[in-house]
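A.B. asks: To start, I am sharing the structure in question, which I have written as structure tokens.
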Amino acid sequence: MQEEVRRTSAVEVVRSVWGRRKWLAIVVFTVPLAAAVSLIMFLPNVYRSGATVLVDRQQVPESMVRPTVTSALETRLHTISQEILSRSRLEALINRFGLYADLRKRVSQEEVIDRMRKDIRLDLKSVKQDEYRGVTIAFTISYEGRDPETVARVANTLASFYIEENLKVRERQAAGTSEFLKVQLTEVKKRLDQQEASVSEFKKKYLGELPQQMDANLGTIERLNQQLRLNSDNQTRALERKEAIARQLAEAGSFSGTSSGPEAGIDQLTKLNEELRRMRTVYSDKYPDVVRLKQEIAALEKDLAEGRTATAAKDTPKTTATNSPYVLRLRQAQSDVDAEINILKGEEKRLRAALTSYIGRVENAPRREQEFRELSRDYESTRENYGSLMKRYEEAQLAENMEQRQKGEQFRVIDPAFPSGEPTAPNRLRYLIMALVASTALAIAAVVLAEQLNASFHSVDDLRALSTVPVLLSIPLIITADDTARGLRRFRLGTASFAVALVLIIGVSWFVAHGNEQLVSFLSRGK
């Protein structure tokens, strides 16, 4: 029962307040609602169209041709976006399609370009590669404006810009990489030629002292030592032959005084045969001294057979021994032995000089090895660097050729932009609901505030609640004809003022909202 009484009293209070403040509530509710509704209805429609571009990966396997463009796709898209959103590109688009005709009359060209940058949007579409990152496989480039046909054309033009610019960027990077490697290869080749010339000059200057010639030098030293030993043996044998010839000459001279004729030759032949037998016990038949004795024996036997010794003894008995062919051959053999000894001594001098030279080369080899190692280390490093650069240059040329043939990563439009049938902004229904709720809240707030600020009593109960003095009677409101006329005039004046205010509000709303795409963008971002 008490709840019904409190509910009835609350309803009575609301009715009483409504009776007193209904015009205030109506005005406060209607004015902002009219302003908001007119503003929302006068806002221009904004359309957005987008073209979807697919990222086609490299058609040639990377195991066969390594691409020179290794930057991330997202980074390259950002770079391309900066190029496309440059002042020159956007200004050309604005002039080509006649964009922002109304806006260009009110603001500067820079502000118009900034506005177009805000109207262009790039959305990446990726698939999840692993737990931490995804791979971009496509992207959508969209544009918004008031004319759906123009918006679609601009979006498709922007997509074509991305495709063309991507090809240019890849070709430029591939050509730049190839050119850079070519310059580096030329510089390294020049340095390599200089180092090759230094190595060649070093080898020519220290020929024979190089570390790789150490074994050859040691072998030559061993061979020279053997030749020296053989030379020494030959000199010893030559001296022995010289002594033997001298003895033979002495014996031949002694024979000239004691004997003559064939007897002396026979004795000489006997001595030679004895010496031959003695030498055969030590040397072989091919030994030079054995061969020589054989020749002397053969010559002496020939002389004895012809009887030259006897004839010469009858004619000139005093000079037989000294001028005999045998003595002459001994003297000739003695001269040959002397010449041979001189040749062997000269050969020994030459061999010792060569041996000294090769020993010096062997002694200098460690120092030359250190110098050659330092020189060849730089040469080998440069040669390896040159080989590596040559390989990378060839790969860069292949990659450049691939990009020129458009076999690398490409962008391809799979879903071109079409004119949109429905505007993307503004969302009028949403804004109308928000305006209705806000106007209602303002009206309630205005009524509550007016009641709080008004200190008058509206009923006997209000007076009794405030004072303990008993209320004896209440006088009703007395309305005269003048009061009625005055109230009617006020109502008409208020209605006219309210109507004029509504017209002004609607006019101002039209002025503010008509063609104001910036306000639409602001409200759309404010969602």
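Letters A, B, ... mark the chains of the structure tokens in the order given; residue numbers begin at 1 per chain; ligand numbers begin at 1, in order shown.
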Could you name the residues that touch range 99-108 of chain A at 9 Å or less, counting only C-alpha atoms, but leaving out those on the same chain fewer than 3 positions away, as a list in words?

C.D. replies: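 In the requested form, the answer reads Leu93, Ile94, Asn95, Arg96, Glu111, Val112, Ile113, Met116, Gly145, Thr150, Gly515 and Asn516 of chain A.
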
A.B. asks: Pick out each residue of range 75-299 of chain A that DSSP on the backbone tags as strand (DSSP E); I need them as a list in words.

C.D. replies: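 Written out, the strand (DSSP E) residues of range 75-299 of chain A are Ile120, Arg121, Leu122, Asp123, Leu124, Lys125, Ser126, Val127, Lys128, Gly134, Val135, Thr136, Ile137, Ala138, Phe139, Thr140, Ile141, Ser142, Tyr143, Glu144 and Gly145 of chain A.
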
A.B. asks: For the selection just defined, write its residues with N, CA, C and O atoms to a file, as a compact mmCIF listing (two decimals), in the first residue's frame.

C.D. replies:
# COMPACT_ATOMS: atom_id res chain seq x y z
N ILE A 120 43.61 8.23 -48.51
CA ILE A 120 44.19 7.00 -49.08
C ILE A 120 44.58 6.08 -47.94
O ILE A 120 45.20 6.50 -46.95
N ARG A 121 44.24 4.81 -48.07
CA ARG A 121 44.53 3.85 -47.01
C ARG A 121 45.10 2.57 -47.62
O ARG A 121 44.62 2.09 -48.64
N LEU A 122 46.15 2.05 -46.96
CA LEU A 122 46.80 0.81 -47.38
C LEU A 122 46.60 -0.23 -46.29
O LEU A 122 47.03 -0.02 -45.15
N ASP A 123 45.97 -1.34 -46.63
CA ASP A 123 45.71 -2.42 -45.68
C ASP A 123 46.43 -3.68 -46.16
O ASP A 123 46.21 -4.14 -47.30
N LEU A 124 47.28 -4.24 -45.30
CA LEU A 124 48.04 -5.45 -45.64
C LEU A 124 47.24 -6.68 -45.24
O LEU A 124 46.59 -6.71 -44.19
N LYS A 125 47.33 -7.70 -46.08
CA LYS A 125 46.69 -8.98 -45.79
C LYS A 125 47.79 -10.03 -45.70
O LYS A 125 48.57 -10.21 -46.64
N SER A 126 47.86 -10.70 -44.60
CA SER A 126 48.95 -11.65 -44.38
C SER A 126 48.41 -12.96 -43.84
O SER A 126 47.30 -13.03 -43.33
N VAL A 127 49.24 -13.98 -43.99
CA VAL A 127 48.96 -15.29 -43.40
C VAL A 127 50.01 -15.55 -42.35
O VAL A 127 51.15 -15.10 -42.44
N LYS A 128 49.64 -16.28 -41.33
CA LYS A 128 50.54 -16.52 -40.21
C LYS A 128 51.56 -17.58 -40.60
O LYS A 128 51.22 -18.71 -40.90
N GLY A 134 53.80 -12.96 -39.47
CA GLY A 134 53.05 -13.41 -40.62
C GLY A 134 53.72 -12.94 -41.90
O GLY A 134 54.63 -12.12 -41.89
N VAL A 135 53.25 -13.49 -43.02
CA VAL A 135 53.80 -13.16 -44.32
C VAL A 135 52.71 -12.46 -45.13
O VAL A 135 51.60 -12.96 -45.26
N THR A 136 53.05 -11.29 -45.65
CA THR A 136 52.11 -10.52 -46.45
C THR A 136 51.94 -11.18 -47.82
O THR A 136 52.93 -11.40 -48.53
N ILE A 137 50.72 -11.50 -48.18
CA ILE A 137 50.45 -12.13 -49.47
C ILE A 137 49.66 -11.21 -50.39
O ILE A 137 49.60 -11.45 -51.60
N ALA A 138 49.05 -10.16 -49.84
CA ALA A 138 48.27 -9.23 -50.66
C ALA A 138 48.07 -7.95 -49.85
O ALA A 138 48.35 -7.89 -48.65
N PHE A 139 47.61 -6.92 -50.54
CA PHE A 139 47.28 -5.67 -49.86
C PHE A 139 46.17 -4.98 -50.64
O PHE A 139 45.97 -5.24 -51.84
N THR A 140 45.45 -4.11 -49.93
CA THR A 140 44.35 -3.37 -50.54
C THR A 140 44.66 -1.88 -50.46
O THR A 140 44.94 -1.36 -49.37
N ILE A 141 44.59 -1.22 -51.58
CA ILE A 141 44.77 0.23 -51.64
C ILE A 141 43.41 0.84 -51.93
O ILE A 141 42.74 0.50 -52.91
N SER A 142 42.94 1.69 -51.02
CA SER A 142 41.58 2.24 -51.13
C SER A 142 41.64 3.76 -51.05
O SER A 142 42.60 4.35 -50.53
N TYR A 143 40.54 4.36 -51.55
CA TYR A 143 40.43 5.82 -51.56
C TYR A 143 38.97 6.17 -51.31
O TYR A 143 38.06 5.43 -51.73
N GLU A 144 38.74 7.28 -50.63
CA GLU A 144 37.38 7.70 -50.36
C GLU A 144 37.14 9.11 -50.88
O GLU A 144 38.04 9.95 -50.89
N GLY A 145 35.91 9.32 -51.35
CA GLY A 145 35.52 10.62 -51.90
C GLY A 145 34.02 10.68 -52.10
O GLY A 145 33.29 9.75 -51.74

A.B. asks: Rank nothing, just name the residue among A:Leu210, A:Gln452, A:Glu409, A:Thr424 nearest to Arg57 in chain A, using only C-alpha atoms.

C.D. replies: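 Checking each of A:Leu210, A:Gln452, A:Glu409, A:Thr424 against Arg57 in chain A, counting only C-alpha atoms, the winner is A:Glu409.
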
A.B. asks: Leaving out range 345-358 of chain A and any residue of its chain fewer than 3 positions from it, which residues lie within 12 Å of it when counting only C-alpha atoms, given as number ranges by chain?

C.D. replies: A: 207-210, 213-236, 238-239, 338-342, 361-365

A.B. asks: List the spatial neighbours of Ala25 in chain A as a list of chain:residue names - criterion: any atom at most 9 Å away, only C-alpha atoms, same-chain residues fewer than 5 positions off excluded.

C.D. replies: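 Once the adjacent positions are removed, what remains is A:Trp18, A:Thr30, A:Thr440, A:Leu442, A:Ala443, A:Ile444, A:Ala445, A:Ala446, A:Val447.
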
A.B. asks: Those selected residues, please, written with N, CA and C atoms and delivered as a CSV table (one decimal), in the first residue's frame.

C.D. replies:
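Final output, out-v2.csv:
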chain,number,residue,atom,x,y,z
A,18,TRP,N,6.0,18.4,-15.2
A,18,TRP,CA,5.8,18.6,-16.7
A,18,TRP,C,4.8,19.7,-17.0
A,30,THR,N,14.1,20.1,-28.6
A,30,THR,CA,13.9,20.3,-30.0
A,30,THR,C,15.1,21.0,-30.7
A,440,THR,N,17.4,14.3,-25.4
A,440,THR,CA,16.5,13.9,-24.3
A,440,THR,C,17.3,14.1,-23.0
A,442,LEU,N,19.6,16.3,-22.4
A,442,LEU,CA,19.7,17.8,-22.2
A,442,LEU,C,18.3,18.3,-21.6
A,443,ALA,N,17.2,17.8,-22.2
A,443,ALA,CA,15.9,18.3,-21.8
A,443,ALA,C,15.7,18.0,-20.3
A,444,ILE,N,16.0,16.7,-19.9
A,444,ILE,CA,15.8,16.3,-18.5
A,444,ILE,C,16.7,17.1,-17.6
A,445,ALA,N,17.9,17.3,-18.0
A,445,ALA,CA,18.9,18.1,-17.2
A,445,ALA,C,18.4,19.5,-17.0
A,446,ALA,N,17.9,20.1,-18.1
A,446,ALA,CA,17.4,21.5,-18.0
A,446,ALA,C,16.2,21.6,-17.1
A,447,VAL,N,15.3,20.7,-17.1
A,447,VAL,CA,14.1,20.7,-16.2
A,447,VAL,C,14.5,20.5,-14.8

A.B. asks: Between CA of Ala417 in chain A and CA of Arg153 in chain A, what is the distance, to one decimal in Å?

C.D. replies: 7.4 Å

A.B. asks: Which neighbours of range 183-198 of chain A fall inside 9 Å, counting only C-alpha atoms, when residues of the same chain fewer than 4 positions from it are skipped, and could you give them as a ChimeraX atom specification?

C.D. replies: /A:178-179,202-203,375-376,378-379,382-383,385-386,389-390,393

A.B. asks: Quick one: write out the picked residues with C-alpha atoms as an mmCIF file, in the first residue's frame?

C.D. replies:
data_model
loop_
_atom_site.group_PDB
_atom_site.id
_atom_site.type_symbol
_atom_site.label_atom_id
_atom_site.label_comp_id
_atom_site.auth_asym_id
_atom_site.auth_seq_id
_atom_site.Cartn_x
_atom_site.Cartn_y
_atom_site.Cartn_z
ATOM 1 C CA SER A 178 75.092 -5.098 -60.462
ATOM 2 C CA GLU A 179 76.717 -1.721 -61.114
ATOM 3 C CA PHE A 202 109.705 -10.608 -56.622
ATOM 4 C CA LYS A 203 110.098 -14.001 -58.276
ATOM 5 C CA LEU A 375 103.431 -10.769 -50.282
ATOM 6 C CA SER A 376 101.494 -13.866 -51.313
ATOM 7 C CA ASP A 378 97.792 -10.265 -49.618
ATOM 8 C CA TYR A 379 97.726 -11.643 -53.144
ATOM 9 C CA THR A 382 92.756 -10.330 -53.033
ATOM 10 C CA ARG A 383 92.417 -13.254 -55.453
ATOM 11 C CA ASN A 385 87.982 -11.612 -52.901
ATOM 12 C CA TYR A 386 88.069 -11.203 -56.670
ATOM 13 C CA LEU A 389 83.042 -10.733 -56.273
ATOM 14 C CA MET A 390 83.039 -12.292 -59.728
ATOM 15 C CA TYR A 393 78.530 -10.152 -59.986
#

A.B. asks: Please list as an mmCIF file with N, CA, C and O atoms, in the first residue's frame every residue within 9 Å of range 40-43 of chain A, counting only C-alpha atoms and excluding residues in the same chain fewer than 5 positions away.

C.D. replies:
data_model
loop_
_atom_site.group_PDB
_atom_site.id
_atom_site.type_symbol
_atom_site.label_atom_id
_atom_site.label_comp_id
_atom_site.auth_asym_id
_atom_site.auth_seq_id
_atom_site.Cartn_x
_atom_site.Cartn_y
_atom_site.Cartn_z
ATOM 1 N N ALA A 35 19.090 20.799 -34.639
ATOM 2 C CA ALA A 35 20.435 21.118 -35.143
ATOM 3 C C ALA A 35 21.178 19.838 -35.548
ATOM 4 O O ALA A 35 21.801 19.768 -36.619
ATOM 5 N N PRO A 426 28.437 9.318 -43.945
ATOM 6 C CA PRO A 426 28.303 9.104 -42.498
ATOM 7 C C PRO A 426 27.260 8.026 -42.189
ATOM 8 O O PRO A 426 26.371 7.751 -42.998
ATOM 9 N N ASN A 427 27.354 7.473 -40.988
ATOM 10 C CA ASN A 427 26.389 6.488 -40.502
ATOM 11 C C ASN A 427 25.240 7.265 -39.854
ATOM 12 O O ASN A 427 25.210 7.494 -38.646
ATOM 13 N N ARG A 428 24.266 7.658 -40.696
ATOM 14 C CA ARG A 428 23.225 8.587 -40.236
ATOM 15 C C ARG A 428 22.348 7.978 -39.144
ATOM 16 O O ARG A 428 21.965 8.682 -38.187
ATOM 17 N N TYR A 431 24.115 8.206 -35.883
ATOM 18 C CA TYR A 431 24.212 9.581 -35.395
ATOM 19 C C TYR A 431 22.846 10.110 -34.940
ATOM 20 O O TYR A 431 22.749 10.889 -33.968
ATOM 21 N N LEU A 432 21.757 9.713 -35.626
ATOM 22 C CA LEU A 432 20.410 10.161 -35.219
ATOM 23 C C LEU A 432 20.056 9.607 -33.842
ATOM 24 O O LEU A 432 19.464 10.316 -33.005
ATOM 25 N N SER A 509 23.166 24.754 -40.017
ATOM 26 C CA SER A 509 23.571 23.348 -40.198
ATOM 27 C C SER A 509 23.861 23.047 -41.653
ATOM 28 O O SER A 509 24.851 22.339 -41.994
ATOM 29 N N TRP A 510 23.028 23.560 -42.547
ATOM 30 C CA TRP A 510 23.281 23.343 -43.983
ATOM 31 C C TRP A 510 24.596 23.982 -44.398
ATOM 32 O O TRP A 510 25.374 23.380 -45.146
ATOM 33 N N PHE A 511 24.833 25.179 -43.907
ATOM 34 C CA PHE A 511 26.072 25.876 -44.269
ATOM 35 C C PHE A 511 27.301 25.115 -43.758
ATOM 36 O O PHE A 511 28.322 25.029 -44.441
ATOM 37 N N VAL A 512 27.178 24.580 -42.551
ATOM 38 C CA VAL A 512 28.316 23.867 -41.967
ATOM 39 C C VAL A 512 28.505 22.495 -42.604
ATOM 40 O O VAL A 512 29.629 22.067 -42.890
ATOM 41 N N ALA A 513 27.419 21.769 -42.846
ATOM 42 C CA ALA A 513 27.525 20.372 -43.256
ATOM 43 C C ALA A 513 27.600 20.185 -44.756
ATOM 44 O O ALA A 513 28.137 19.169 -45.214
ATOM 45 N N HIS A 514 27.090 21.141 -45.548
ATOM 46 C CA HIS A 514 27.020 20.925 -46.991
ATOM 47 C C HIS A 514 28.437 20.803 -47.588
ATOM 48 O O HIS A 514 29.237 21.738 -47.526
ATOM 49 N N GLY A 515 28.708 19.648 -48.152
ATOM 50 C CA GLY A 515 30.008 19.415 -48.788
ATOM 51 C C GLY A 515 31.185 19.341 -47.836
ATOM 52 O O GLY A 515 32.338 19.357 -48.287
ATOM 53 N N ASN A 516 30.924 19.243 -46.553
ATOM 54 C CA ASN A 516 32.013 19.228 -45.562
ATOM 55 C C ASN A 516 32.504 17.790 -45.375
ATOM 56 O O ASN A 516 32.100 17.084 -44.444
ATOM 57 N N GLU A 517 33.387 17.358 -46.248
ATOM 58 C CA GLU A 517 33.941 16.006 -46.129
ATOM 59 C C GLU A 517 34.870 15.874 -44.928
ATOM 60 O O GLU A 517 35.022 14.776 -44.379
ATOM 61 N N LEU A 519 34.354 17.131 -41.993
ATOM 62 C CA LEU A 519 33.529 16.812 -40.839
ATOM 63 C C LEU A 519 33.129 15.340 -40.867
ATOM 64 O O LEU A 519 33.112 14.664 -39.828
ATOM 65 N N VAL A 520 32.841 14.817 -42.055
ATOM 66 C CA VAL A 520 32.501 13.401 -42.167
ATOM 67 C C VAL A 520 33.686 12.540 -41.750
ATOM 68 O O VAL A 520 33.540 11.554 -41.020
#

A.B. asks: Where does DSSP see helix (DSSP H, G or I) in range 29-249 of chain A, if you list the residues as an NGL selection string?

C.D. replies: :A and (29-42 or 73-84 or 87-97 or 101-106 or 109-119 or 148-205 or 211-249)

A.B. asks: Restricting the calculation to only C-alpha atoms: of A:Leu269, A:Arg117, A:Arg280, A:Asp289, which residue gets closest to Glu240 in chain A?

C.D. replies: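 Between A:Leu269, A:Arg117, A:Arg280, A:Asp289, the residue approaching Glu240 in chain A most closely is A:Asp289.
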
A.B. asks: CA of Val37 in chain A and CA of Phe498 in chain A, how far apart in Å?

C.D. replies: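 Atom-to-atom, CA of Phe498 in chain A to CA of Val37 in chain A, that is 16.5 Å.
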